[in-house]
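Peer 1: Sharing a structure with you now.
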Amino acid sequence: MTESTKPITGAQSLVHSLEAVGADVVFGIPGGAILPAYDPLFDSTAVRHVLVRHEQGAGHAAEGYAQATGRVGVCMATSGPGATNLVTPIADAYMDSVPVVAITGQVPSASIGTDAFQEADICGITLPITKHNFLVKDPAEIPRTIQEAFHIALTGRPGPVLVDLPKDVLQAETRFSWPPAMDLPGYRPVLKPHGKQIREAARLIAEARRPVLYVGGGVLKAHASVELRRLAELTGIPVVTTLMARGAFPDSHRQHLGMPGMHGTVSAVSALQKADLIVALGARFDDRVTGKLSSFAPHALVVHADIDPAEISKNRMADVPIVGDCKEVITQLAAAVQAEYDAGHRADLTGWWTQLDSWRATYPLGYEEPADGSLAPQYVIERLGAIAGPEALYVAGVGQHQMWAAQFIQYEHPYTWLNSGGAGTMGYAIPAAMGAKMGRPEATVWAIDGDGCFQMTNQELATCTLEGIPIKVAVINNGNLGMVRQWQNLFYSERYSQTDLGTHKHRIPDFVKLADALGCVGIRVESKEDVDGAIEKAMAIEDQTVVVDFIVGQDAQVWPMVPAGTSNDEIMAARGVRPVWDEVEG
Amino acid sequence: MSTTHTLSVLVENKPGVLARVSGLFSRRGFNIESLAVGPTEHHDVSRITLRVDCELHDLDQIEKQIHKLVNVLRVTELEPGDSLERELCLIKVTAPPSRRAELMSLGDVFGARVADLSADALVFELVGTPDEIDSFEELVRPHGVKELVRTGRIGLARAGRSGSRPRQHVFR
């Protein structure tokens, strides 16, 4: 136990607490109300502060750090606008269940509620987008609050926690004592699944003739990839991994059908539609996966395992609900299924696999070379994945490039694919890649960004350069807000309202010059034959951030596609190509 | 089928907890019919009694979402047969001297107390089940209700019941 012998300030207590809880990096920007905290932080050797250029960058960096390492990411900002600039990444972390602790300065206690300079009710503002938040009123509460914040952020269903610290609380005298006793009588996440539910699920798994393992981000959060693979191989059941779960199961595995959902593979989408049993593991039946909910997987019984009881039967009624940590659930499921097999219960999946293999062979992922001779964005991303390899981390923004990166890169390991799934936050990639690189300095980290996304947060490349965090950036530059343009092409009579960014026409900004201005190496690629060379050149530069500006065609589209609000049965494998459904034998 | 349910929510007695609970309803698109909050037998625990009109599936979702709040200790549904529900109502009625006697005998029938009296009005105080209060309100309305306030219902499991039983989420 650590106890301070002489009085210290609340700010010192905060820094001691961060050190004691194991935070090794904080992304942030100082300002008036948080200033007291920055003084002792200046002296800390255990906690490194990374000075970002915008608080949104601090938040996404904390997310990237957390998603790459499985540890809590920390960001810090001052009161008022500093705190409100954290709102987007906090909302993002909430949607994707990312463990982040945000520490904000607040105006002095006596000024709260008076509309003081740089005052914002950040606890009120973030109430709906945090797992929990704290306004600390007594400096003696700082160690316990930090301990509780980290505990809540990381355990159960992870999520963001905000700690708001009034300036006078940071300045007041207090004593530091560690470890503090946590006082969370209402917080008891259920980790151990109920045996009866496990046995019932195992019985269904053993007798299902068209089962699918529907794997979501919860499997990664639970560090259950190894257990998942064991269950999959024991049962021979096909696996689909959602956008948040890419990497949880190797793409090269024969049983992997790829990603389900709006831009999923025909085989993954069809497998769910035609399944007689869906085993959902840490997934939440998001609308981007189910399409029109009422027609989603109409013949399937559902086993739904999640650590958050509120997810179960929220969108799709579960026939067998299982509340628990995915690692525990999957381990117990495997044992229970084995017991079913030992008792001679095991349905034959041969017919199902014949069907799945035929879909997979008929409708593989693919793309056409652009008719105008421009560079295909899918090709760029495919080559990037091939050259950088499965050990690299890939961090995407939001839009077409994100979908192509989810489709055309082979993910073999967990925590190698980071993106903003639930919130769909443009601008996520650059700061998140920076955070990921801080957490995994030995790894090659590629940000795959669109020219729209890149213009939202590229100022963090200055941070990367000055703080020595060398990431690599592939800007998939199609000159447009590509995904919006795709929808305008398909659903708004090709009326391209406000989607042309001018990044092609006027080359404003010139990303190579911009890279140079931010202390990075800038490379431009305009033709297919230069793609590999540029990627290899970027891979060879280890001490500097590299930005490769890939000028790609503006008309490339993301396929397959299930139009929003329609049934997954309406999936289009490619433009104008609707799969022909064979009757699935029961 | 949409019906009205009463939820009893035990929460830590901390600032902002009511906002967390009530905010959840608007955010998730659920409607609160009435809400009453007050202390319990433990000084650090408050009880929120909520009245919601929703379908059974939504109720399940509401309970789970409330339960996720870190400051919430327990969420239970008060089943009508197994619990007591009460409301307090104050009604200011026009009461010129000529009508006073009639109004006061009306109050007697319901056990309403006259809490205050002036030259031309009186204030009834009535504790009862929400139905009783509804009936009393109907009866005095023709006399001219000047102002009215109801607390929203509070509830407790009956004496013979072992407290409010948490709804089961694991088995459905």
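Residues are named by chain letter and number: chains run A, B, ... in the order of the structure tokens, numbers start at 1 in each chain, and ligands are numbered from 1 in the order shown.
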Give the alpha helix (DSSP H) residues of range 89-158 of chain B, as DSSP finds them on the backbone, and put them as a ChimeraX atom specification.
Peer 2: /B:97-110,130-140
Peer 1: Residues within 8 Å of range 17-31 of chain B, please, as a ChimeraX atom specification. Count only C-alpha atoms; anything in the same chain fewer than 5 positions from it doesn't count.
Peer 2: /A:127-128 /B:11-12,52-54,62,65-66,69,71
Peer 1: Please produce a file of those selected residues containing C-alpha atoms, as a PDB file, in the first residue's frame.
Peer 2:
```pdb
ATOM      1  CA  LEU A 127     -24.537  11.206 -19.837  1.00  0.00           C
ATOM      2  CA  PRO A 128     -26.021   9.318 -22.804  1.00  0.00           C
TER       3      PRO A 128
ATOM      4  CA  VAL B  11     -30.497   3.668  -6.502  1.00  0.00           C
ATOM      5  CA  GLU B  12     -27.472   5.025  -4.714  1.00  0.00           C
ATOM      6  CA  VAL B  52     -44.465   3.250 -17.667  1.00  0.00           C
ATOM      7  CA  ASP B  53     -46.878   2.395 -20.429  1.00  0.00           C
ATOM      8  CA  CYS B  54     -45.265  -0.064 -22.803  1.00  0.00           C
ATOM      9  CA  ILE B  62     -36.233  -0.752 -20.034  1.00  0.00           C
ATOM     10  CA  GLN B  65     -31.086  -0.645 -19.559  1.00  0.00           C
ATOM     11  CA  ILE B  66     -31.869   0.872 -16.151  1.00  0.00           C
ATOM     12  CA  LEU B  69     -26.633   2.253 -14.862  1.00  0.00           C
ATOM     13  CA  ASN B  71     -25.663   3.776  -9.602  1.00  0.00           C
TER      14      ASN B  71
END
```
Peer 1: Using only C-alpha atoms, I'd like every residue of chain A that has an atom within 9 Å of chain B; please write them out as a ChimeraX atom specification.
Peer 2: /A:124,127-128,131-132,152,184-189,194,197,308-314,319-323
Peer 1: Okay, now the selection with C-alpha atoms, as a PDB file, in the first residue's frame?
Peer 2:
```pdb
ATOM      1  CA  GLY A 124     -24.594  16.203 -18.425  1.00  0.00           C
ATOM      2  CA  LEU A 127     -24.537  11.206 -19.837  1.00  0.00           C
ATOM      3  CA  PRO A 128     -26.021   9.318 -22.804  1.00  0.00           C
ATOM      4  CA  LYS A 131     -20.805   3.986 -19.525  1.00  0.00           C
ATOM      5  CA  HIS A 132     -20.504   6.177 -16.454  1.00  0.00           C
ATOM      6  CA  ILE A 152     -15.737   0.344 -15.125  1.00  0.00           C
ATOM      7  CA  LEU A 184     -19.610   0.259  -6.685  1.00  0.00           C
ATOM      8  CA  PRO A 185     -22.498  -1.636  -5.122  1.00  0.00           C
ATOM      9  CA  GLY A 186     -24.625  -1.386  -8.292  1.00  0.00           C
ATOM     10  CA  TYR A 187     -21.944  -2.575 -10.710  1.00  0.00           C
ATOM     11  CA  ARG A 188     -21.728  -6.348 -10.958  1.00  0.00           C
ATOM     12  CA  PRO A 189     -21.183  -7.572 -14.520  1.00  0.00           C
ATOM     13  CA  HIS A 194     -25.678 -20.227 -16.643  1.00  0.00           C
ATOM     14  CA  GLN A 197     -28.510 -22.180 -20.934  1.00  0.00           C
ATOM     15  CA  ASP A 308     -24.543  -7.102 -21.703  1.00  0.00           C
ATOM     16  CA  PRO A 309     -27.992  -8.528 -20.831  1.00  0.00           C
ATOM     17  CA  ALA A 310     -29.619  -5.505 -22.490  1.00  0.00           C
ATOM     18  CA  GLU A 311     -28.314  -6.605 -25.899  1.00  0.00           C
ATOM     19  CA  ILE A 312     -30.075  -9.925 -25.666  1.00  0.00           C
ATOM     20  CA  SER A 313     -33.474  -9.822 -27.342  1.00  0.00           C
ATOM     21  CA  LYS A 314     -33.084  -6.072 -27.964  1.00  0.00           C
ATOM     22  CA  ASP A 319     -34.424 -18.484 -28.113  1.00  0.00           C
ATOM     23  CA  VAL A 320     -31.518 -19.255 -25.819  1.00  0.00           C
ATOM     24  CA  PRO A 321     -30.153 -16.169 -24.038  1.00  0.00           C
ATOM     25  CA  ILE A 322     -26.735 -16.504 -22.442  1.00  0.00           C
ATOM     26  CA  VAL A 323     -25.342 -13.703 -20.315  1.00  0.00           C
TER      27      VAL A 323
END
```
Peer 1: Enter the distance from CA of Tyr415 in chain A to CA of Gly247 in chain A, in Å, rounded to one decimal.
Peer 2: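 Separation between CA of Tyr415 in chain A and CA of Gly247 in chain A: 6.6 Å.
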Peer 1: Which polymer residues have any atom within 7 Å of an atom of Gln12 in chain A, counting only C-alpha atoms, with same-chain residues fewer than 4 positions away left out, as a VMD selection string?
Peer 2: chain A and resid 8 16 40
Peer 1: As a PyMOL selection string, please: every residue in range 49-163 of chain B that a backbone DSSP assignment puts in strand (DSSP E).
Peer 2: chain B and resi 49-55+72-78+83-94+113-117+121-128+145-150+154-157
Peer 1: Which polymer residues have any atom within 12 Å of an atom of Asp108 in chain B, counting only C-alpha atoms, with same-chain residues fewer than 4 positions away left out, as a PyMOL selection string?
Peer 2: chain B and resi 101-104+112-114+124-126+136
Peer 1: Could the residues in this selection be saved with N, CA and C atoms as a PDB file, in the first residue's frame?
Peer 2:
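Output saved as again-v4.pdb:
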```pdb
ATOM      1  N   ALA B 101     -70.285  22.395   3.467  1.00  0.00           N
ATOM      2  CA  ALA B 101     -70.751  21.198   4.163  1.00  0.00           C
ATOM      3  C   ALA B 101     -70.828  20.017   3.205  1.00  0.00           C
ATOM      4  N   GLU B 102     -71.358  20.289   2.024  1.00  0.00           N
ATOM      5  CA  GLU B 102     -71.506  19.229   1.025  1.00  0.00           C
ATOM      6  C   GLU B 102     -70.132  18.674   0.625  1.00  0.00           C
ATOM      7  N   LEU B 103     -69.201  19.597   0.389  1.00  0.00           N
ATOM      8  CA  LEU B 103     -67.859  19.182  -0.007  1.00  0.00           C
ATOM      9  C   LEU B 103     -67.181  18.380   1.100  1.00  0.00           C
ATOM     10  N   MET B 104     -67.364  18.842   2.342  1.00  0.00           N
ATOM     11  CA  MET B 104     -66.670  18.176   3.438  1.00  0.00           C
ATOM     12  C   MET B 104     -67.234  16.788   3.689  1.00  0.00           C
ATOM     13  N   ALA B 112     -60.642  12.033   2.900  1.00  0.00           N
ATOM     14  CA  ALA B 112     -59.794  13.179   2.567  1.00  0.00           C
ATOM     15  C   ALA B 112     -59.844  14.189   3.711  1.00  0.00           C
ATOM     16  N   ARG B 113     -58.681  14.733   4.039  1.00  0.00           N
ATOM     17  CA  ARG B 113     -58.592  15.692   5.119  1.00  0.00           C
ATOM     18  C   ARG B 113     -58.658  17.101   4.533  1.00  0.00           C
ATOM     19  N   VAL B 114     -59.280  18.007   5.246  1.00  0.00           N
ATOM     20  CA  VAL B 114     -59.233  19.395   4.790  1.00  0.00           C
ATOM     21  C   VAL B 114     -57.939  19.995   5.329  1.00  0.00           C
ATOM     22  N   PHE B 124     -58.189  19.982  -0.138  1.00  0.00           N
ATOM     23  CA  PHE B 124     -58.262  18.612   0.344  1.00  0.00           C
ATOM     24  C   PHE B 124     -56.903  17.946   0.237  1.00  0.00           C
ATOM     25  N   GLU B 125     -56.656  17.097   1.200  1.00  0.00           N
ATOM     26  CA  GLU B 125     -55.445  16.266   1.145  1.00  0.00           C
ATOM     27  C   GLU B 125     -55.936  14.829   1.185  1.00  0.00           C
ATOM     28  N   LEU B 126     -55.569  14.064   0.155  1.00  0.00           N
ATOM     29  CA  LEU B 126     -56.065  12.695   0.087  1.00  0.00           C
ATOM     30  C   LEU B 126     -54.928  11.733  -0.232  1.00  0.00           C
ATOM     31  N   PHE B 136     -62.211  10.536  -6.589  1.00  0.00           N
ATOM     32  CA  PHE B 136     -62.445  11.729  -5.780  1.00  0.00           C
ATOM     33  C   PHE B 136     -62.350  12.995  -6.642  1.00  0.00           C
TER      34      PHE B 136
END
```
Peer 1: To one decimal in Å, tell me the separation between CA of Glu3 in chain A and CA of Ala140 in chain A.
Peer 2: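 For CA of Glu3 in chain A relative to CA of Ala140 in chain A, the distance reads 12.2 Å.
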Peer 1: Closest to Thr94 in chain B among B:Arg51, B:Arg141, B:Lys146, B:His43, using only C-alpha atoms?
Peer 2: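 Under the stated criterion, the closest residue is B:Lys146.
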Peer 1: Would you mind listing what lies within 10 Å of Ala268 in chain A as number ranges by chain, with only C-alpha atoms counted and same-chain residues fewer than 3 positions away left out?
Peer 2: A: 212, 214, 238-242, 256-261, 264-265, 271-273, 356, 359-360
Peer 1: Using only C-alpha atoms, which protein or nucleic acid residues come within 12 Å of Arg100 in chain B? Drop anything in the same chain fewer than 2 positions from it, and give the result as number ranges by chain.
Peer 2: B: 93-98, 102-107, 114, 117-124, 140, 143
Peer 1: Selection from above, C-alpha atoms, as a tab-separated table (two decimals), in the first residue's frame, can you write it?
Peer 2:
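Saved result, selection-v4.tsv, follows:
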```
chain	number	residue	atom	x	y	z
B	93	VAL	CA	-61.69	23.45	-4.66
B	94	THR	CA	-63.97	26.47	-4.90
B	95	ALA	CA	-65.95	26.37	-1.66
B	96	PRO	CA	-68.19	29.26	-0.80
B	97	PRO	CA	-69.75	28.86	2.65
B	98	SER	CA	-72.94	27.54	1.09
B	102	GLU	CA	-71.51	19.23	1.02
B	103	LEU	CA	-67.86	19.18	-0.01
B	104	MET	CA	-66.67	18.18	3.44
B	105	SER	CA	-69.05	15.26	3.65
B	106	LEU	CA	-67.87	14.20	0.21
B	107	GLY	CA	-64.33	14.32	1.56
B	114	VAL	CA	-59.23	19.40	4.79
B	117	LEU	CA	-59.58	26.61	4.32
B	118	SER	CA	-60.26	30.18	3.18
B	119	ALA	CA	-63.35	32.29	2.64
B	120	ASP	CA	-64.17	30.80	-0.73
B	121	ALA	CA	-61.92	27.74	-1.16
B	122	LEU	CA	-60.57	24.73	0.61
B	123	VAL	CA	-57.70	22.34	0.03
B	124	PHE	CA	-58.26	18.61	0.34
B	140	VAL	CA	-65.23	17.30	-6.70
B	143	HIS	CA	-67.57	22.12	-7.69
```
Peer 1: Any idea what the distance is between CA of Ser46 in chain B and CA of Val161 in chain A?
Peer 2: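 We find that CA of Ser46 in chain B and CA of Val161 in chain A lie 23.6 Å from each other.
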Peer 1: Neighbouring residues of range 520-533 of chain A were defined as those with any atom within 9 Å, considering only C-alpha atoms; residues of the same chain fewer than 4 positions away were excluded. Please report them as an MDAnalysis selection string.
Peer 2: chainID A and resid 374:376 379:380 383:384 387 461:462 464:465 470 511:516 537:538 541 544:552
Peer 1: Write the selection just made, keeping C-alpha atoms, as a PDB file, in the first residue's frame?
Peer 2:
```
ATOM      1  CA  SER A 374      -8.180   4.985 -63.509  1.00  0.00           C
ATOM      2  CA  LEU A 375      -6.613   3.184 -60.610  1.00  0.00           C
ATOM      3  CA  ALA A 376      -8.951   0.760 -58.807  1.00  0.00           C
ATOM      4  CA  TYR A 379      -6.545  -3.017 -56.012  1.00  0.00           C
ATOM      5  CA  VAL A 380      -4.565  -0.526 -53.936  1.00  0.00           C
ATOM      6  CA  ARG A 383      -1.918  -4.869 -52.568  1.00  0.00           C
ATOM      7  CA  LEU A 384      -1.417  -2.988 -49.310  1.00  0.00           C
ATOM      8  CA  ILE A 387       2.630  -6.373 -48.959  1.00  0.00           C
ATOM      9  CA  LEU A 461       0.341  13.965 -38.354  1.00  0.00           C
ATOM     10  CA  ALA A 462       2.167  16.928 -36.822  1.00  0.00           C
ATOM     11  CA  CYS A 464       3.098  11.899 -35.061  1.00  0.00           C
ATOM     12  CA  THR A 465       6.148  13.702 -36.448  1.00  0.00           C
ATOM     13  CA  PRO A 470       5.792   6.924 -37.211  1.00  0.00           C
ATOM     14  CA  PHE A 511      -1.557  15.811 -50.022  1.00  0.00           C
ATOM     15  CA  VAL A 512       2.090  15.364 -50.928  1.00  0.00           C
ATOM     16  CA  LYS A 513       2.836  18.987 -50.075  1.00  0.00           C
ATOM     17  CA  LEU A 514       0.661  18.684 -46.990  1.00  0.00           C
ATOM     18  CA  ALA A 515       2.602  15.627 -45.874  1.00  0.00           C
ATOM     19  CA  ASP A 516       5.808  17.546 -46.375  1.00  0.00           C
ATOM     20  CA  LYS A 537       9.025   2.388 -50.142  1.00  0.00           C
ATOM     21  CA  ALA A 538       6.657   3.357 -47.321  1.00  0.00           C
ATOM     22  CA  ILE A 541      10.785   4.106 -43.930  1.00  0.00           C
ATOM     23  CA  GLN A 544       9.108   8.955 -40.237  1.00  0.00           C
ATOM     24  CA  THR A 545       5.432   9.053 -40.991  1.00  0.00           C
ATOM     25  CA  VAL A 546       4.652   8.365 -44.639  1.00  0.00           C
ATOM     26  CA  VAL A 547       1.608   9.528 -46.545  1.00  0.00           C
ATOM     27  CA  VAL A 548       0.854   7.814 -49.831  1.00  0.00           C
ATOM     28  CA  ASP A 549      -1.677   9.707 -51.900  1.00  0.00           C
ATOM     29  CA  PHE A 550      -3.300   7.084 -54.108  1.00  0.00           C
ATOM     30  CA  ILE A 551      -5.240   8.860 -56.840  1.00  0.00           C
ATOM     31  CA  VAL A 552      -8.034   6.411 -57.604  1.00  0.00           C
TER      32      VAL A 552
END
```
